[in-house]
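Asker: One file is attached below, target35.cif, containing mmCIF, C-alpha atoms.
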data_entry
loop_
_atom_site.label_atom_id
_atom_site.label_comp_id
_atom_site.auth_asym_id
_atom_site.auth_seq_id
_atom_site.Cartn_x
_atom_site.Cartn_y
_atom_site.Cartn_z
CA MET A 1 2.21 22.71 -62.93
CA THR A 2 2.77 25.43 -60.33
CA ARG A 3 5.76 25.31 -58.04
CA GLN A 4 4.94 24.87 -54.35
CA THR A 5 6.43 27.39 -51.93
CA GLY A 6 7.68 26.69 -48.45
CA THR A 7 8.88 23.46 -46.98
CA PRO A 8 6.50 20.49 -46.66
CA ALA A 9 6.57 20.85 -42.89
CA ALA A 10 5.60 24.51 -43.16
CA ARG A 11 2.67 23.72 -45.50
CA GLN A 12 1.47 20.96 -43.22
CA ASN A 13 1.74 22.94 -39.99
CA TYR A 14 0.53 26.31 -41.26
CA SER A 15 -2.32 27.78 -39.28
CA PRO A 16 -3.59 31.40 -39.15
CA MET A 17 -3.83 30.93 -35.38
CA ILE A 18 -0.03 31.08 -35.10
CA ALA A 19 0.01 34.58 -36.58
CA LEU A 20 -2.94 35.59 -34.37
CA ILE A 21 -1.13 34.33 -31.26
CA MET A 22 1.91 36.40 -32.15
CA ALA A 23 -0.34 39.40 -32.79
CA ALA A 24 -1.90 39.04 -29.34
CA THR A 25 1.45 38.75 -27.55
CA SER A 26 2.88 41.71 -29.49
CA PHE A 27 -0.20 43.75 -28.65
CA MET A 28 0.14 42.86 -24.96
CA GLN A 29 3.82 43.79 -24.90
CA ASN A 30 3.39 47.12 -26.72
CA LEU A 31 0.22 47.99 -24.81
CA ASP A 32 2.08 47.51 -21.54
CA GLY A 33 4.67 50.07 -22.55
CA ALA A 34 2.11 52.65 -23.75
CA ILE A 35 -0.47 52.26 -21.01
CA ILE A 36 1.88 53.15 -18.16
CA ASN A 37 2.53 56.75 -19.24
CA THR A 38 -0.89 58.11 -18.27
CA SER A 39 -0.65 56.47 -14.83
CA LEU A 40 2.69 57.92 -13.72
CA PRO A 41 1.29 60.63 -11.39
CA GLN A 42 -0.98 58.14 -9.59
CA MET A 43 1.81 55.59 -9.35
CA ALA A 44 4.20 58.18 -7.95
CA HIS A 45 1.66 59.18 -5.30
CA SER A 46 1.11 55.51 -4.40
CA PHE A 47 4.85 54.87 -3.99
CA GLY A 48 5.54 58.18 -2.28
CA VAL A 49 8.06 59.30 -4.92
CA THR A 50 8.18 61.88 -7.69
CA THR A 51 7.03 61.21 -11.22
CA ILE A 52 10.60 61.55 -12.48
CA ASP A 53 11.68 58.75 -10.14
CA LEU A 54 9.34 56.38 -11.96
CA SER A 55 11.40 56.78 -15.12
CA MET A 56 13.63 54.16 -13.50
CA GLY A 57 10.93 51.59 -14.16
CA ILE A 58 10.71 52.50 -17.85
CA THR A 59 14.49 52.59 -18.25
CA ALA A 60 14.95 49.30 -16.39
CA TYR A 61 12.55 47.55 -18.79
CA MET A 62 14.35 48.80 -21.90
CA LEU A 63 17.84 48.02 -20.62
CA ALA A 64 16.87 44.52 -19.47
CA SER A 65 15.25 43.82 -22.82
CA ALA A 66 18.28 45.08 -24.73
CA ALA A 67 20.70 43.05 -22.61
CA LEU A 68 18.99 39.69 -23.11
CA SER A 69 17.72 39.98 -26.69
CA PRO A 70 20.98 38.71 -28.28
CA LEU A 71 20.50 35.43 -26.41
CA SER A 72 17.11 34.65 -27.97
CA GLY A 73 18.48 32.76 -30.99
CA TRP A 74 20.76 30.49 -29.00
CA LEU A 75 18.12 29.77 -26.35
CA SER A 76 15.50 28.93 -28.98
CA GLN A 77 17.85 26.28 -30.38
CA LYS A 78 18.73 25.00 -26.91
CA ILE A 79 15.22 24.48 -25.50
CA GLY A 80 13.05 24.90 -28.61
CA GLU A 81 11.17 27.90 -30.00
CA ARG A 82 7.76 26.74 -28.78
CA THR A 83 9.01 26.13 -25.23
CA LEU A 84 10.90 29.41 -25.09
CA LEU A 85 7.92 31.38 -26.42
CA LEU A 86 5.61 29.73 -23.89
CA LEU A 87 7.98 30.43 -20.99
CA SER A 88 8.42 34.03 -22.13
CA VAL A 89 4.67 34.70 -22.27
CA ILE A 90 4.14 33.12 -18.84
CA ALA A 91 7.07 35.04 -17.34
CA PHE A 92 5.87 38.33 -18.85
CA THR A 93 2.37 37.73 -17.49
CA LEU A 94 3.60 36.90 -13.98
CA ALA A 95 5.92 39.92 -14.04
CA SER A 96 2.94 42.09 -14.98
CA VAL A 97 1.05 40.80 -11.94
CA TRP A 98 4.15 41.54 -9.86
CA CYS A 99 4.15 45.13 -11.17
CA GLY A 100 0.53 45.46 -10.09
CA ILE A 101 1.14 44.29 -6.53
CA ALA A 102 4.47 46.10 -6.06
CA PRO A 103 4.33 48.00 -2.72
CA ASP A 104 7.19 50.42 -3.47
CA LEU A 105 9.45 51.74 -6.22
CA THR A 106 12.21 49.18 -5.63
CA MET A 107 9.90 46.21 -6.11
CA PHE A 108 8.31 47.89 -9.11
CA VAL A 109 11.71 48.37 -10.80
CA LEU A 110 12.60 44.72 -10.13
CA ALA A 111 9.28 43.64 -11.63
CA ARG A 112 9.90 45.80 -14.69
CA ILE A 113 13.33 44.19 -15.12
CA ALA A 114 11.63 40.79 -15.08
CA GLN A 115 9.17 42.05 -17.67
CA GLY A 116 11.99 43.29 -19.86
CA LEU A 117 13.87 40.00 -19.70
CA ALA A 118 10.74 38.09 -20.74
CA GLY A 119 9.81 40.64 -23.39
CA ALA A 120 13.26 40.33 -24.98
CA MET A 121 12.37 36.76 -25.96
CA MET A 122 8.75 37.22 -27.01
CA MET A 123 9.12 39.33 -30.15
CA PRO A 124 12.10 37.69 -31.96
CA VAL A 125 11.16 34.13 -31.02
CA GLY A 126 7.50 34.73 -31.87
CA MET A 127 8.36 36.07 -35.31
CA SER A 128 10.67 33.11 -35.90
CA VAL A 129 7.82 30.74 -35.04
CA VAL A 130 5.49 32.54 -37.45
CA LEU A 131 8.00 32.40 -40.32
CA ARG A 132 8.90 28.77 -39.64
CA HIS A 133 5.30 27.59 -39.89
CA THR A 134 4.12 29.91 -42.67
CA PRO A 135 4.57 29.19 -46.40
CA LYS A 136 6.40 31.88 -48.32
CA SER A 137 3.23 32.67 -50.24
CA GLU A 138 1.54 33.63 -46.95
CA TRP A 139 4.37 35.66 -45.39
CA MET A 140 2.91 39.08 -46.26
CA ARG A 141 -0.48 38.15 -44.87
CA ALA A 142 1.05 36.78 -41.69
CA GLN A 143 3.19 39.90 -41.28
CA ALA A 144 0.11 42.11 -41.61
CA VAL A 145 -1.74 40.11 -38.98
CA THR A 146 1.15 40.34 -36.51
CA VAL A 147 2.27 43.94 -37.13
CA TRP A 148 -0.98 45.92 -37.14
CA PRO A 149 -2.10 45.05 -33.59
CA ALA A 150 1.35 46.02 -32.30
CA LEU A 151 1.08 49.38 -34.10
CA MET A 152 -2.37 50.02 -32.64
CA ALA A 153 -1.25 49.45 -29.05
CA PRO A 154 0.56 52.83 -28.64
CA ILE A 155 -2.63 54.57 -29.87
CA ILE A 156 -5.03 52.65 -27.64
CA GLY A 157 -2.70 52.47 -24.63
CA PRO A 158 -2.84 56.07 -23.31
CA VAL A 159 -6.62 56.29 -23.66
CA LEU A 160 -7.22 52.90 -22.08
CA GLY A 161 -4.66 53.56 -19.35
CA GLY A 162 -6.25 56.86 -18.41
CA PHE A 163 -9.72 55.29 -18.29
CA ILE A 164 -8.60 52.36 -16.14
CA THR A 165 -6.64 54.64 -13.79
CA GLN A 166 -9.59 56.96 -13.25
CA THR A 167 -12.29 54.30 -12.91
CA LEU A 168 -10.41 51.50 -11.16
CA ASP A 169 -6.75 51.85 -10.14
CA TRP A 170 -3.39 52.11 -11.91
CA ARG A 171 -2.55 48.56 -10.85
CA TRP A 172 -5.24 47.21 -13.16
CA ASN A 173 -3.19 48.47 -16.12
CA PHE A 174 -0.77 45.65 -15.37
CA TRP A 175 -3.32 43.09 -14.21
CA LEU A 176 -4.98 43.51 -17.62
CA ASN A 177 -2.16 41.36 -19.03
CA LEU A 178 -3.20 38.37 -16.92
CA PRO A 179 -6.16 37.14 -19.05
CA ILE A 180 -4.32 38.01 -22.29
CA GLY A 181 -1.20 36.17 -21.20
CA LEU A 182 -3.08 33.09 -19.97
CA ALA A 183 -5.07 32.90 -23.20
CA GLY A 184 -1.85 33.26 -25.19
CA ALA A 185 -0.11 30.50 -23.24
CA ILE A 186 -3.03 28.12 -23.76
CA ALA A 187 -3.14 28.98 -27.47
CA ILE A 188 0.60 28.31 -27.83
CA LEU A 189 0.16 24.85 -26.29
CA ARG A 190 -2.81 24.18 -28.54
CA PHE A 191 -1.77 25.54 -31.93
CA VAL A 192 2.02 25.93 -32.12
CA PRO A 193 3.70 22.66 -33.19
CA GLN A 194 6.71 21.36 -31.29
CA GLU A 195 9.67 21.53 -33.65
CA GLU A 196 12.55 19.10 -33.73
CA LYS A 197 15.31 20.14 -31.36
CA THR A 198 18.74 20.83 -32.78
CA GLU A 199 21.99 20.99 -30.87
CA PRO A 200 23.12 24.64 -30.86
CA PRO A 201 26.75 25.65 -31.28
CA PRO A 202 28.71 26.37 -28.09
CA MET A 203 27.60 29.53 -26.34
CA ASP A 204 29.79 32.52 -27.18
CA PHE A 205 29.80 34.11 -23.73
CA VAL A 206 32.35 36.77 -24.70
CA GLY A 207 30.35 37.81 -27.74
CA PHE A 208 27.08 37.81 -25.82
CA SER A 209 28.57 39.87 -22.98
CA LEU A 210 30.03 42.45 -25.36
CA CYS A 211 26.79 42.65 -27.32
CA ALA A 212 24.68 43.00 -24.16
CA ILE A 213 26.99 45.67 -22.73
CA GLY A 214 27.07 47.51 -26.05
CA LEU A 215 23.29 47.56 -26.47
CA THR A 216 22.53 48.61 -22.90
CA THR A 217 25.18 51.34 -22.73
CA LEU A 218 24.20 52.75 -26.12
CA LEU A 219 20.52 52.77 -25.15
CA ALA A 220 21.24 54.38 -21.79
CA GLY A 221 23.61 56.90 -23.36
CA PHE A 222 21.26 58.01 -26.12
CA GLN A 223 18.40 58.26 -23.63
CA ARG A 224 20.37 60.68 -21.43
CA SER A 225 22.23 62.53 -24.20
CA ALA A 226 19.64 65.34 -24.38
CA GLU A 227 20.27 66.37 -20.77
CA SER A 228 22.87 68.94 -19.77
CA GLY A 229 25.85 69.17 -17.46
CA ARG A 230 27.43 66.15 -15.86
CA THR A 231 24.66 63.86 -17.08
CA ARG A 232 25.49 64.60 -20.71
CA GLU A 233 29.17 63.79 -20.11
CA ILE A 234 28.19 60.45 -18.58
CA ALA A 235 25.85 59.80 -21.53
CA LEU A 236 28.64 60.46 -24.04
CA GLY A 237 30.91 58.11 -22.09
CA LEU A 238 28.24 55.41 -22.24
CA ILE A 239 27.83 55.89 -25.99
CA ILE A 240 31.58 55.62 -26.56
CA GLY A 241 31.74 52.52 -24.37
CA GLY A 242 28.82 50.99 -26.24
CA ILE A 243 30.43 51.59 -29.62
CA ALA A 244 33.70 50.10 -28.36
CA SER A 245 31.88 47.01 -27.08
#
Since I need it in another form, could you write the structure as C-alpha cells?
Answerer:
Amino acid sequence: MTRQTGTPAARQNYSPMIALIMAATSFMQNLDGAIINTSLPQMAHSFGVTTIDLSMGITAYMLASAALSPLSGWLSQKIGERTLLLLSVIAFTLASVWCGIAPDLTMFVLARIAQGLAGAMMMPVGMSVVLRHTPKSEWMRAQAVTVWPALMAPIIGPVLGGFITQTLDWRWNFWLNLPIGLAGAIAILRFVPQEEKTEPPPMDFVGFSLCAIGLTTLLAGFQRSAESGRTREIALGLIIGGIAS
C-alpha cells in the first residue's frame, strides 16, 4: 500500500488551474517590468522630461515592493490568502491603468508606487496558495508551470513593448494588463478555494518597520553604488543604514 502525500485538504482541492493562475499573474507582473524599457524615450517625450528622469518610476516600483513584501505573511493570515491575492491582482491591474492614463511624471511615479505595493503581495501570496493546494507529489510540476512563464516575460517584454509603442502608443503597454488582470481575478474567484481563517499573532510593527527600512535602503544603495562623487557616498550611507536596520 503506497503512502499518500499531502494533506487530505490539499488532495481534495488540488487543481492545475491554481498553478496556471499563478503563472498568469507572475507573467503579467514580470512583463510589466520588462516592457517599459523600450518605451522610455516615447514616455519621456510625452511627459516633457528626460529619459533619465523616468528612472524614478522604475525605482519607485522596486522600493515600494521591497517595503511592503515583509507584510505579506501577516496580511494573508489576517484576511486570508485568497482574498489578499484577489485584492492584489485587482490593485495591480487598476494601477496599470493608472500608469497608462498618467498625464505627467508625478502621477506616473505615484501609479508605479501603487503597482509596487500590489506586486509585493502577488508573488509570495500566490506561491503560498499554490503550495497549500498542491500535493507534495505535484510540487515540481506546479513549480514548472508557475516559473517558466515568469522567466519568459523578460525575453518577450522588450520585443512586445517596442512593437506596441511603434504601432499603437506606449500607454497600451500598461493597458495590456487590464484583460490579463480581469481574467486572473475571475479565475481566482472561480478556482481558488477559500481557506479557513486563522487568527494571526500580534503585528510586530517595530520588526516590520526595521525590515522595510532595511530592504528599501539596501536596494536604493546598491542601485546607486556604481555612480561616482556625492551620489556614491549617499549610496554607501544607505547600505550601511540598511545593514544596521
Asker: Between A:Ala118, A:Leu94, A:Leu238, A:Ala220, which is the closest to Ile58 of chain A once you count all atoms listed in the file?
Answerer: A:Ala220
Asker: Can you give me, as a PyMOL selection string, the residues this file yields under the PyMOL selection byres ((chain A and resi 72-78) around 12)?
Answerer: chain A and resi 65-71+79-88+117-129+194-205+208+212
Asker: Write out as CSV a residue-level contact list of segment 94-119 of chain A versus segment 60-63 of chain A with cut-off 7 Å: for each qualifying residue the closest pair of atoms and the distance in Å to one decimal, counting all atoms listed in the file, rows sorted by chain and residue number upward.
Answerer:
residue,atom,partner,partner_atom,distance
A:Val109,CA,A:Ala60,CA,6.5
A:Arg112,CA,A:Tyr61,CA,5.2
A:Ile113,CA,A:Tyr61,CA,5.0
A:Gln115,CA,A:Tyr61,CA,6.6
A:Gly116,CA,A:Tyr61,CA,4.4
Asker: Looking at A:Gly57, A:Pro149, A:Gly221, A:Gly33, which one is nearest to Ile243 of chain A, with distances taken over all atoms listed in the file?
Answerer: A:Gly221
Asker: Here is a test: counting all atoms listed in the file, which residue of A:Thr216, A:Gln223, A:Ser245, A:Thr93 is nearest to Thr25 of chain A?
Answerer: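 Looking only at the distances to Thr25 of chain A, the closest residue turns out to be A:Thr93.
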Asker: At a cut-off of 7 Å, using only C-alpha atoms, what residues contact Leu31 of chain A? Leave out same-chain residues fewer than 3 positions from it and give the result as an NGL selection string.
Answerer: :A and (27-28 or 34-35 or 153-154 or 157)
